[in-house]
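Raw contents of my_file22.cif, mmCIF, C-alpha atoms; chains and numbers go by the auth columns:
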data_my_file
loop_
_atom_site.group_PDB
_atom_site.id
_atom_site.type_symbol
_atom_site.label_atom_id
_atom_site.label_comp_id
_atom_site.label_asym_id
_atom_site.label_seq_id
_atom_site.Cartn_x
_atom_site.Cartn_y
_atom_site.Cartn_z
_atom_site.B_iso_or_equiv
_atom_site.auth_seq_id
_atom_site.auth_asym_id
ATOM 1 C CA MET A 1 -0.764 -14.824 7.296 0.00 1 A
ATOM 2 C CA ASP A 2 0.397 -17.537 4.955 0.00 2 A
ATOM 3 C CA VAL A 3 3.079 -19.896 6.203 0.00 3 A
ATOM 4 C CA LEU A 4 5.047 -21.780 3.550 0.00 4 A
ATOM 5 C CA TYR A 5 7.348 -24.772 3.879 0.00 5 A
ATOM 6 C CA PHE A 6 9.938 -26.022 1.430 0.00 6 A
ATOM 7 C CA ALA A 7 12.086 -29.127 0.891 0.00 7 A
ATOM 8 C CA TRP A 8 12.270 -31.488 3.896 0.00 8 A
ATOM 9 C CA VAL A 9 10.405 -29.001 6.098 0.00 9 A
ATOM 10 C CA ARG A 10 7.448 -29.298 3.704 0.00 10 A
ATOM 11 C CA GLU A 11 7.739 -33.090 3.718 0.00 11 A
ATOM 12 C CA ARG A 12 7.895 -33.295 7.499 0.00 12 A
ATOM 13 C CA ILE A 13 4.944 -30.985 8.072 0.00 13 A
ATOM 14 C CA GLY A 14 3.017 -32.488 5.178 0.00 14 A
ATOM 15 C CA VAL A 15 1.698 -29.336 3.493 0.00 15 A
ATOM 16 C CA PRO A 16 3.407 -26.725 1.303 0.00 16 A
ATOM 17 C CA LYS A 17 1.360 -23.815 2.614 0.00 17 A
ATOM 18 C CA GLU A 18 -1.253 -22.981 5.201 0.00 18 A
ATOM 19 C CA ALA A 19 -3.074 -19.939 6.511 0.00 19 A
ATOM 20 C CA VAL A 20 -2.200 -19.261 10.147 0.00 20 A
ATOM 21 C CA THR A 21 -3.915 -16.860 12.497 0.00 21 A
ATOM 22 C CA THR A 22 -1.446 -15.762 15.113 0.00 22 A
ATOM 23 C CA GLN A 23 -0.705 -13.066 17.649 0.00 23 A
ATOM 24 C CA ALA A 24 2.999 -13.937 17.584 0.00 24 A
ATOM 25 C CA ALA A 25 5.173 -10.832 17.619 0.00 25 A
ATOM 26 C CA THR A 26 8.238 -12.502 16.087 0.00 26 A
ATOM 27 C CA VAL A 27 9.138 -15.447 13.896 0.00 27 A
ATOM 28 C CA ALA A 28 10.501 -17.241 16.973 0.00 28 A
ATOM 29 C CA GLU A 29 7.151 -16.863 18.726 0.00 29 A
ATOM 30 C CA LEU A 30 5.367 -18.203 15.657 0.00 30 A
ATOM 31 C CA VAL A 31 7.699 -21.211 15.686 0.00 31 A
ATOM 32 C CA GLU A 32 6.813 -21.894 19.330 0.00 32 A
ATOM 33 C CA GLU A 33 3.100 -21.728 18.497 0.00 33 A
ATOM 34 C CA LEU A 34 3.527 -24.142 15.603 0.00 34 A
ATOM 35 C CA LYS A 35 5.650 -26.548 17.664 0.00 35 A
ATOM 36 C CA ALA A 36 2.909 -26.706 20.285 0.00 36 A
ATOM 37 C CA ARG A 37 0.342 -27.753 17.675 0.00 37 A
ATOM 38 C CA GLU A 38 1.426 -31.255 16.744 0.00 38 A
ATOM 39 C CA GLU A 39 4.370 -33.604 16.797 0.00 39 A
ATOM 40 C CA ARG A 40 5.125 -33.134 13.094 0.00 40 A
ATOM 41 C CA TYR A 41 5.716 -29.415 13.696 0.00 41 A
ATOM 42 C CA ALA A 42 7.801 -30.095 16.786 0.00 42 A
ATOM 43 C CA MET A 43 9.939 -32.456 14.697 0.00 43 A
ATOM 44 C CA ALA A 44 10.342 -30.051 11.813 0.00 44 A
ATOM 45 C CA PHE A 45 11.326 -27.183 14.114 0.00 45 A
ATOM 46 C CA ALA A 46 13.421 -29.245 16.540 0.00 46 A
ATOM 47 C CA ASP A 47 16.718 -27.690 15.439 0.00 47 A
ATOM 48 C CA LEU A 48 16.395 -24.067 14.353 0.00 48 A
ATOM 49 C CA SER A 49 20.070 -23.922 13.397 0.00 49 A
ATOM 50 C CA ALA A 50 19.131 -26.284 10.540 0.00 50 A
ATOM 51 C CA LEU A 51 16.436 -23.898 9.296 0.00 51 A
ATOM 52 C CA ARG A 52 16.244 -20.622 7.460 0.00 52 A
ATOM 53 C CA VAL A 53 13.327 -18.214 7.330 0.00 53 A
ATOM 54 C CA ALA A 54 12.039 -15.671 4.847 0.00 54 A
ATOM 55 C CA VAL A 55 9.602 -12.933 5.834 0.00 55 A
ATOM 56 C CA ASP A 56 7.572 -11.515 2.968 0.00 56 A
ATOM 57 C CA GLN A 57 9.940 -13.256 0.564 0.00 57 A
ATOM 58 C CA GLU A 58 13.136 -11.763 2.013 0.00 58 A
ATOM 59 C CA LEU A 59 15.623 -13.751 4.095 0.00 59 A
ATOM 60 C CA ALA A 60 15.243 -12.831 7.751 0.00 60 A
ATOM 61 C CA ASP A 61 16.271 -13.829 11.275 0.00 61 A
ATOM 62 C CA PHE A 62 14.162 -15.714 13.774 0.00 62 A
ATOM 63 C CA ASP A 63 13.813 -12.571 15.870 0.00 63 A
ATOM 64 C CA ALA A 64 12.259 -10.692 12.942 0.00 64 A
ATOM 65 C CA PRO A 65 8.979 -8.918 13.849 0.00 65 A
ATOM 66 C CA LEU A 66 5.746 -10.134 12.270 0.00 66 A
ATOM 67 C CA LYS A 67 3.758 -6.898 12.376 0.00 67 A
ATOM 68 C CA ASP A 68 1.948 -6.415 9.020 0.00 68 A
ATOM 69 C CA VAL A 69 3.701 -9.472 7.584 0.00 69 A
ATOM 70 C CA ARG A 70 1.728 -11.456 5.004 0.00 70 A
ATOM 71 C CA GLU A 71 3.978 -14.422 4.314 0.00 71 A
ATOM 72 C CA VAL A 72 6.528 -16.403 6.318 0.00 72 A
ATOM 73 C CA ALA A 73 8.471 -19.295 4.795 0.00 73 A
ATOM 74 C CA PHE A 74 10.580 -21.945 6.528 0.00 74 A
ATOM 75 C CA PHE A 75 13.143 -24.073 4.738 0.00 75 A
ATOM 76 C CA PRO A 76 16.546 -25.734 5.096 0.00 76 A
ATOM 77 C CA PRO A 77 19.735 -23.954 3.999 0.00 77 A
ATOM 78 C CA MET A 78 19.511 -23.354 0.266 0.00 78 A
ATOM 79 C CA THR A 79 21.360 -25.458 -2.281 0.00 79 A
ATOM 80 C CA GLY A 80 21.203 -23.568 -5.547 0.00 80 A
ATOM 81 C CA GLY A 81 23.788 -23.354 -8.286 0.00 81 A
ATOM 82 C CA MET B 1 20.385 -7.759 -16.750 0.00 1 B
ATOM 83 C CA ARG B 2 18.441 -10.897 -17.592 0.00 2 B
ATOM 84 C CA ILE B 3 17.263 -13.346 -14.922 0.00 3 B
ATOM 85 C CA LEU B 4 15.379 -16.484 -15.964 0.00 4 B
ATOM 86 C CA VAL B 5 13.904 -19.107 -13.646 0.00 5 B
ATOM 87 C CA GLN B 6 12.476 -21.942 -15.714 0.00 6 B
ATOM 88 C CA SER B 7 11.873 -25.677 -15.827 0.00 7 B
ATOM 89 C CA GLU B 8 12.738 -25.951 -19.533 0.00 8 B
ATOM 90 C CA ARG B 9 16.204 -26.743 -20.819 0.00 9 B
ATOM 91 C CA PHE B 10 18.210 -23.818 -22.181 0.00 10 B
ATOM 92 C CA ASP B 11 20.588 -23.655 -25.113 0.00 11 B
ATOM 93 C CA PHE B 12 23.893 -22.706 -23.531 0.00 12 B
ATOM 94 C CA GLY B 13 25.594 -21.920 -26.847 0.00 13 B
ATOM 95 C CA ALA B 14 22.782 -19.726 -28.077 0.00 14 B
ATOM 96 C CA GLU B 15 22.505 -17.915 -24.760 0.00 15 B
ATOM 97 C CA ALA B 16 26.261 -17.337 -24.544 0.00 16 B
ATOM 98 C CA ASN B 17 26.404 -16.095 -28.138 0.00 17 B
ATOM 99 C CA GLU B 18 23.504 -13.750 -27.690 0.00 18 B
ATOM 100 C CA PHE B 19 24.951 -12.448 -24.439 0.00 19 B
ATOM 101 C CA ALA B 20 28.376 -11.875 -25.990 0.00 20 B
ATOM 102 C CA SER B 21 26.945 -10.015 -28.978 0.00 21 B
ATOM 103 C CA GLY B 22 26.267 -6.323 -29.066 0.00 22 B
ATOM 104 C CA HIS B 23 28.623 -5.246 -26.300 0.00 23 B
ATOM 105 C CA LYS B 24 31.311 -3.315 -28.201 0.00 24 B
ATOM 106 C CA ASP B 25 32.573 -1.727 -25.008 0.00 25 B
ATOM 107 C CA MET B 26 32.834 -5.018 -23.110 0.00 26 B
ATOM 108 C CA GLY B 27 36.213 -6.715 -23.562 0.00 27 B
ATOM 109 C CA ALA B 28 35.482 -9.758 -21.385 0.00 28 B
ATOM 110 C CA ILE B 29 32.659 -12.259 -21.167 0.00 29 B
ATOM 111 C CA VAL B 30 32.782 -14.987 -18.511 0.00 30 B
ATOM 112 C CA THR B 31 30.284 -17.828 -18.401 0.00 31 B
ATOM 113 C CA PHE B 32 29.768 -20.582 -15.862 0.00 32 B
ATOM 114 C CA THR B 33 27.483 -23.574 -16.303 0.00 33 B
ATOM 115 C CA GLY B 34 26.382 -25.968 -13.567 0.00 34 B
ATOM 116 C CA ILE B 35 25.661 -29.587 -14.527 0.00 35 B
ATOM 117 C CA VAL B 36 23.794 -32.339 -12.675 0.00 36 B
ATOM 118 C CA ARG B 37 26.642 -34.549 -11.483 0.00 37 B
ATOM 119 C CA ASP B 38 26.067 -38.272 -11.095 0.00 38 B
ATOM 120 C CA LEU B 39 26.718 -39.770 -7.673 0.00 39 B
ATOM 121 C CA ALA B 40 29.989 -41.591 -6.965 0.00 40 B
ATOM 122 C CA GLN B 41 28.137 -44.916 -7.316 0.00 41 B
ATOM 123 C CA GLY B 42 26.798 -43.819 -10.694 0.00 42 B
ATOM 124 C CA ASP B 43 23.214 -44.500 -9.652 0.00 43 B
ATOM 125 C CA LEU B 44 21.593 -41.072 -9.789 0.00 44 B
ATOM 126 C CA ASP B 45 18.246 -41.403 -11.525 0.00 45 B
ATOM 127 C CA ARG B 46 17.444 -37.704 -11.437 0.00 46 B
ATOM 128 C CA MET B 47 17.725 -34.533 -9.442 0.00 47 B
ATOM 129 C CA VAL B 48 14.601 -32.662 -8.388 0.00 48 B
ATOM 130 C CA ILE B 49 15.063 -28.955 -7.806 0.00 49 B
ATOM 131 C CA GLU B 50 12.431 -27.193 -5.736 0.00 50 B
ATOM 132 C CA HIS B 51 12.233 -23.430 -5.478 0.00 51 B
ATOM 133 C CA TYR B 52 10.203 -20.650 -3.861 0.00 52 B
ATOM 134 C CA PRO B 53 8.356 -19.113 -6.812 0.00 53 B
ATOM 135 C CA GLY B 54 7.459 -15.840 -5.104 0.00 54 B
ATOM 136 C CA MET B 55 10.991 -15.198 -3.928 0.00 55 B
ATOM 137 C CA THR B 56 13.408 -16.766 -6.403 0.00 56 B
ATOM 138 C CA GLN B 57 13.312 -14.116 -9.116 0.00 57 B
ATOM 139 C CA LYS B 58 13.655 -11.286 -6.599 0.00 58 B
ATOM 140 C CA ALA B 59 16.506 -12.999 -4.761 0.00 59 B
ATOM 141 C CA LEU B 60 18.435 -13.531 -7.999 0.00 60 B
ATOM 142 C CA GLU B 61 17.802 -9.951 -9.110 0.00 61 B
ATOM 143 C CA LYS B 62 19.088 -8.683 -5.775 0.00 62 B
ATOM 144 C CA ILE B 63 22.272 -10.767 -6.030 0.00 63 B
ATOM 145 C CA ALA B 64 22.878 -9.629 -9.614 0.00 64 B
ATOM 146 C CA ALA B 65 22.179 -5.985 -8.706 0.00 65 B
ATOM 147 C CA GLU B 66 24.684 -6.202 -5.854 0.00 66 B
ATOM 148 C CA ALA B 67 27.295 -7.633 -8.247 0.00 67 B
ATOM 149 C CA LYS B 68 26.731 -4.658 -10.543 0.00 68 B
ATOM 150 C CA THR B 69 27.487 -2.244 -7.712 0.00 69 B
ATOM 151 C CA ARG B 70 30.724 -4.053 -6.805 0.00 70 B
ATOM 152 C CA TRP B 71 32.241 -4.588 -10.233 0.00 71 B
ATOM 153 C CA SER B 72 32.261 -2.786 -13.533 0.00 72 B
ATOM 154 C CA LEU B 73 29.680 -4.882 -15.356 0.00 73 B
ATOM 155 C CA GLY B 74 27.946 -4.079 -18.602 0.00 74 B
ATOM 156 C CA ASP B 75 25.516 -6.952 -18.331 0.00 75 B
ATOM 157 C CA VAL B 76 24.591 -9.997 -16.239 0.00 76 B
ATOM 158 C CA LEU B 77 22.701 -13.143 -17.240 0.00 77 B
ATOM 159 C CA VAL B 78 21.426 -15.778 -14.810 0.00 78 B
ATOM 160 C CA ILE B 79 19.405 -18.820 -15.897 0.00 79 B
ATOM 161 C CA HIS B 80 18.412 -21.341 -13.229 0.00 80 B
ATOM 162 C CA ARG B 81 16.180 -24.372 -13.770 0.00 81 B
ATOM 163 C CA TYR B 82 13.867 -26.179 -11.414 0.00 82 B
ATOM 164 C CA GLY B 83 11.961 -29.464 -11.653 0.00 83 B
ATOM 165 C CA ASP B 84 13.296 -32.858 -12.738 0.00 84 B
ATOM 166 C CA LEU B 85 16.782 -32.985 -14.266 0.00 85 B
ATOM 167 C CA GLY B 86 18.768 -36.029 -15.367 0.00 86 B
ATOM 168 C CA PRO B 87 22.511 -36.604 -14.855 0.00 87 B
ATOM 169 C CA GLY B 88 24.517 -34.456 -17.244 0.00 88 B
ATOM 170 C CA GLU B 89 21.762 -31.912 -17.763 0.00 89 B
ATOM 171 C CA MET B 90 22.530 -28.241 -17.326 0.00 90 B
ATOM 172 C CA ILE B 91 21.065 -26.813 -14.145 0.00 91 B
ATOM 173 C CA MET B 92 22.020 -23.203 -14.498 0.00 92 B
ATOM 174 C CA MET B 93 24.343 -20.680 -16.075 0.00 93 B
ATOM 175 C CA VAL B 94 25.639 -17.246 -15.269 0.00 94 B
ATOM 176 C CA ALA B 95 27.343 -14.852 -17.647 0.00 95 B
ATOM 177 C CA THR B 96 29.030 -11.554 -16.915 0.00 96 B
ATOM 178 C CA ALA B 97 30.215 -8.876 -19.311 0.00 97 B
ATOM 179 C CA SER B 98 32.838 -6.353 -18.271 0.00 98 B
ATOM 180 C CA PRO B 99 35.387 -4.104 -19.951 0.00 99 B
ATOM 181 C CA HIS B 100 38.122 -6.239 -18.331 0.00 100 B
ATOM 182 C CA ARG B 101 38.391 -9.903 -17.423 0.00 101 B
ATOM 183 C CA LYS B 102 39.171 -9.540 -13.711 0.00 102 B
ATOM 184 C CA ASP B 103 35.811 -7.952 -13.017 0.00 103 B
ATOM 185 C CA ALA B 104 33.999 -10.471 -15.215 0.00 104 B
ATOM 186 C CA PHE B 105 35.626 -13.463 -13.457 0.00 105 B
ATOM 187 C CA GLU B 106 35.193 -12.116 -9.928 0.00 106 B
ATOM 188 C CA ALA B 107 31.588 -11.106 -10.489 0.00 107 B
ATOM 189 C CA ALA B 108 30.785 -14.542 -11.925 0.00 108 B
ATOM 190 C CA GLU B 109 32.299 -16.195 -8.846 0.00 109 B
ATOM 191 C CA TYR B 110 30.384 -13.857 -6.579 0.00 110 B
ATOM 192 C CA LEU B 111 27.130 -14.668 -8.374 0.00 111 B
ATOM 193 C CA MET B 112 27.811 -18.382 -8.043 0.00 112 B
ATOM 194 C CA ASP B 113 28.732 -18.176 -4.366 0.00 113 B
ATOM 195 C CA TYR B 114 25.628 -16.199 -3.533 0.00 114 B
ATOM 196 C CA LEU B 115 23.126 -18.077 -5.604 0.00 115 B
ATOM 197 C CA LYS B 116 24.388 -21.321 -4.103 0.00 116 B
ATOM 198 C CA SER B 117 23.342 -20.354 -0.591 0.00 117 B
ATOM 199 C CA ARG B 118 21.149 -17.254 -0.857 0.00 118 B
ATOM 200 C CA ALA B 119 18.771 -18.112 -3.695 0.00 119 B
ATOM 201 C CA PRO B 120 15.804 -20.280 -2.623 0.00 120 B
ATOM 202 C CA PHE B 121 16.527 -23.546 -4.432 0.00 121 B
ATOM 203 C CA TRP B 122 16.737 -27.002 -2.886 0.00 122 B
ATOM 204 C CA LYS B 123 18.126 -30.094 -4.578 0.00 123 B
ATOM 205 C CA LYS B 124 16.970 -33.631 -4.014 0.00 124 B
ATOM 206 C CA GLU B 125 18.806 -36.626 -5.422 0.00 125 B
ATOM 207 C CA ILE B 126 16.674 -39.581 -6.489 0.00 126 B
ATOM 208 C CA THR B 127 18.177 -43.058 -6.809 0.00 127 B
ATOM 209 C CA ASP B 128 16.643 -46.529 -7.041 0.00 128 B
ATOM 210 C CA SER B 129 17.169 -46.923 -3.312 0.00 129 B
ATOM 211 C CA GLY B 130 15.580 -43.653 -2.211 0.00 130 B
ATOM 212 C CA ALA B 131 15.652 -39.889 -2.204 0.00 131 B
ATOM 213 C CA ASP B 132 17.900 -37.510 -0.278 0.00 132 B
ATOM 214 C CA TRP B 133 17.876 -33.759 0.055 0.00 133 B
ATOM 215 C CA VAL B 134 21.307 -32.368 -0.740 0.00 134 B
ATOM 216 C CA ALA B 135 22.729 -30.794 2.425 0.00 135 B
ATOM 217 C CA ALA B 136 24.273 -27.357 2.265 0.00 136 B
ATOM 218 C CA LYS B 137 28.008 -27.425 2.929 0.00 137 B
ATOM 219 C CA ASP B 138 29.761 -25.276 5.515 0.00 138 B
ATOM 220 C CA ALA B 139 32.231 -24.424 2.761 0.00 139 B
ATOM 221 C CA ASP B 140 29.403 -22.830 0.765 0.00 140 B
ATOM 222 C CA GLU B 141 28.566 -20.530 3.662 0.00 141 B
ATOM 223 C CA ASP B 142 32.258 -19.824 4.282 0.00 142 B
ATOM 224 C CA ALA B 143 32.655 -18.876 0.624 0.00 143 B
ATOM 225 C CA LEU B 144 30.474 -15.810 1.219 0.00 144 B
ATOM 226 C CA LYS B 145 32.879 -14.402 3.795 0.00 145 B
ATOM 227 C CA ARG B 146 35.486 -13.479 1.233 0.00 146 B
ATOM 228 C CA TRP B 147 33.166 -10.985 -0.434 0.00 147 B
#

Encoded form using structure tokens:
Amino acid sequence: MDVLYFAWVRERIGVPKEAVTTQAATVAELVEELKAREERYAMAFADLSALRVAVDQELADFDAPLKDVREVAFFPPMTGG
Amino acid sequence: MRILVQSERFDFGAEANEFASGHKDMGAIVTFTGIVRDLAQGDLDRMVIEHYPGMTQKALEKIAAEAKTRWSLGDVLVIHRYGDLGPGEMIMMVATASPHRKDAFEAAEYLMDYLKSRAPFWKKEITDSGADWVAAKDADEDALKRW
């Protein structure tokens, strides 16, 4: 699946998008896999309460299932308007 | 319903006029425009607005569609910019058309509240001394509870 990062999450991880092969069943499991990769991921995902997630371009919760999902995006709370 | 996500400037007057025309059954048009506000120190060089291209249009359409189910609305317009914007530039506008003003005002407020914290935009303020992402306010999240 594609994993996308926006705003300071993108800056901390250093890429806007990457293809990730995972067996994670939920977003939370995916986060744990990413955190285990490298320090920059661990830093970006240190405080999940400061993050929001979208699954296939719809806002979702961290316990959302990843079965058949093509795109997951992580970002800080939105500041539109 | 017209939803535009664009980097280009928009002509507020022209958009408002066009929106307000041709609705003989709509007695009330409400518009709101958001402007890039300078910082208290007056040193904002520019604001950079990032968005999630695949999701933004859909998220705005969903918010506008929900507004149409809650209020009697003849039409809804949302324009939101992204990219580099200078102080004083227009960031976005919403317009609502309704037979009566209460619905038009409330729906416009609803649109603003939701697109502030449920549409995938992120603002970064650039000054001579650095760059800071604008933090979401608890009050913005609390504002959703009244709907």

> What separation in Å, quoted to one decimal, exists between CA of Asp56 in chain A and CA of Ala65 in chain B?
Replying inline: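 These two atoms are separated by 19.5 Å.
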
Explicit residue set for the PyMOL selection byres ((chain A) within 10 of (chain B)), as a short mmCIF file (atom, residue, chain, number, x, y, z; two decimals) with C-alpha atoms, keeping the file's coordinate frame:
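Result file is out07.cif:
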data_model
loop_
_atom_site.label_atom_id
_atom_site.label_comp_id
_atom_site.auth_asym_id
_atom_site.auth_seq_id
_atom_site.Cartn_x
_atom_site.Cartn_y
_atom_site.Cartn_z
CA LEU A 4 5.05 -21.78 3.55
CA TYR A 5 7.35 -24.77 3.88
CA PHE A 6 9.94 -26.02 1.43
CA ALA A 7 12.09 -29.13 0.89
CA TRP A 8 12.27 -31.49 3.90
CA ALA A 50 19.13 -26.28 10.54
CA ALA A 54 12.04 -15.67 4.85
CA ASP A 56 7.57 -11.52 2.97
CA GLN A 57 9.94 -13.26 0.56
CA GLU A 58 13.14 -11.76 2.01
CA LEU A 59 15.62 -13.75 4.10
CA ALA A 73 8.47 -19.30 4.80
CA PHE A 75 13.14 -24.07 4.74
CA PRO A 76 16.55 -25.73 5.10
CA PRO A 77 19.74 -23.95 4.00
CA MET A 78 19.51 -23.35 0.27
CA THR A 79 21.36 -25.46 -2.28
CA GLY A 80 21.20 -23.57 -5.55
CA GLY A 81 23.79 -23.35 -8.29
#

> Taking all atoms listed in the file into account, which of B:Met26, B:Ala95, B:Leu60, B:Ala143 comes nearest Ser72 in chain B?
Replying inline: B:Met26

>> Which residues are close to Asp128 in chain B, i.e. within 10 Å by only C-alpha atoms, leaving aside same-chain residues fewer than 2 positions away? Reply as a ChimeraX atom specification.
In response: /B:43-46,126,130-131

Go ahead and save the picked residues with C-alpha atoms, as a PDB file, in the frame of the given file.
ATOM      1  CA  ASP B  43      23.214 -44.500  -9.652  1.00  0.00           C
ATOM      2  CA  LEU B  44      21.593 -41.072  -9.789  1.00  0.00           C
ATOM      3  CA  ASP B  45      18.246 -41.403 -11.525  1.00  0.00           C
ATOM      4  CA  ARG B  46      17.444 -37.704 -11.437  1.00  0.00           C
ATOM      5  CA  ILE B 126      16.674 -39.581  -6.489  1.00  0.00           C
ATOM      6  CA  GLY B 130      15.580 -43.653  -2.211  1.00  0.00           C
ATOM      7  CA  ALA B 131      15.652 -39.889  -2.204  1.00  0.00           C
TER       8      ALA B 131
END

Specify as a CSV table (one decimal) with C-alpha atoms, in the frame of the given file each residue included when the PyMOL selection byres ((chain A and resi 48) around 10) is applied to this file.
chain,number,residue,atom,x,y,z
A,28,ALA,CA,10.5,-17.2,17.0
A,31,VAL,CA,7.7,-21.2,15.7
A,44,ALA,CA,10.3,-30.1,11.8
A,45,PHE,CA,11.3,-27.2,14.1
A,46,ALA,CA,13.4,-29.2,16.5
A,47,ASP,CA,16.7,-27.7,15.4
A,49,SER,CA,20.1,-23.9,13.4
A,50,ALA,CA,19.1,-26.3,10.5
A,51,LEU,CA,16.4,-23.9,9.3
A,52,ARG,CA,16.2,-20.6,7.5
A,53,VAL,CA,13.3,-18.2,7.3
A,62,PHE,CA,14.2,-15.7,13.8
A,74,PHE,CA,10.6,-21.9,6.5
A,76,PRO,CA,16.5,-25.7,5.1

>> To one decimal place in Å, what is the distance between CA of Ala104 in chain B and CA of Leu73 in chain B?
In response: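 Straight-line distance from CA of Ala104 in chain B to CA of Leu73 in chain B works out to 7.1 Å.
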
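Distances from B:Glu61, B:Glu15, B:Lys68, B:Arg9 to Glu106 in chain B were compared using all atoms listed in the file, and the smallest one belongs to B:Lys68.
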
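What separates CA of Gly83 in chain B from CA of Gly14 in chain A is a distance of 19.3 Å.
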
> Written as a PyMOL selection string, which residues does the PyMOL selection byres ((chain B and resi 4) around 7) give for the file shown?
Replying inline: chain B and resi 2-3+5-6+78-80

>> Can you pull out the residues contacting range 69-71 of chain B? Cut-off 12 Å, using all atoms listed in the file, and skip same-chain residues under 2 positions away; I want them as a list in words.
In response: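 Surrounding residues, per the criterion: Lys62, Ile63, Ala64, Ala65, Glu66, Ala67, Leu73, Gly74, Asp75, Val76, Thr96, Ala97, Ser98, Pro99, His100, Arg101, Lys102, Asp103, Ala104, Phe105, Glu106, Ala107, Ala108, Glu109, Tyr110, Leu111 and Trp147 of chain B.
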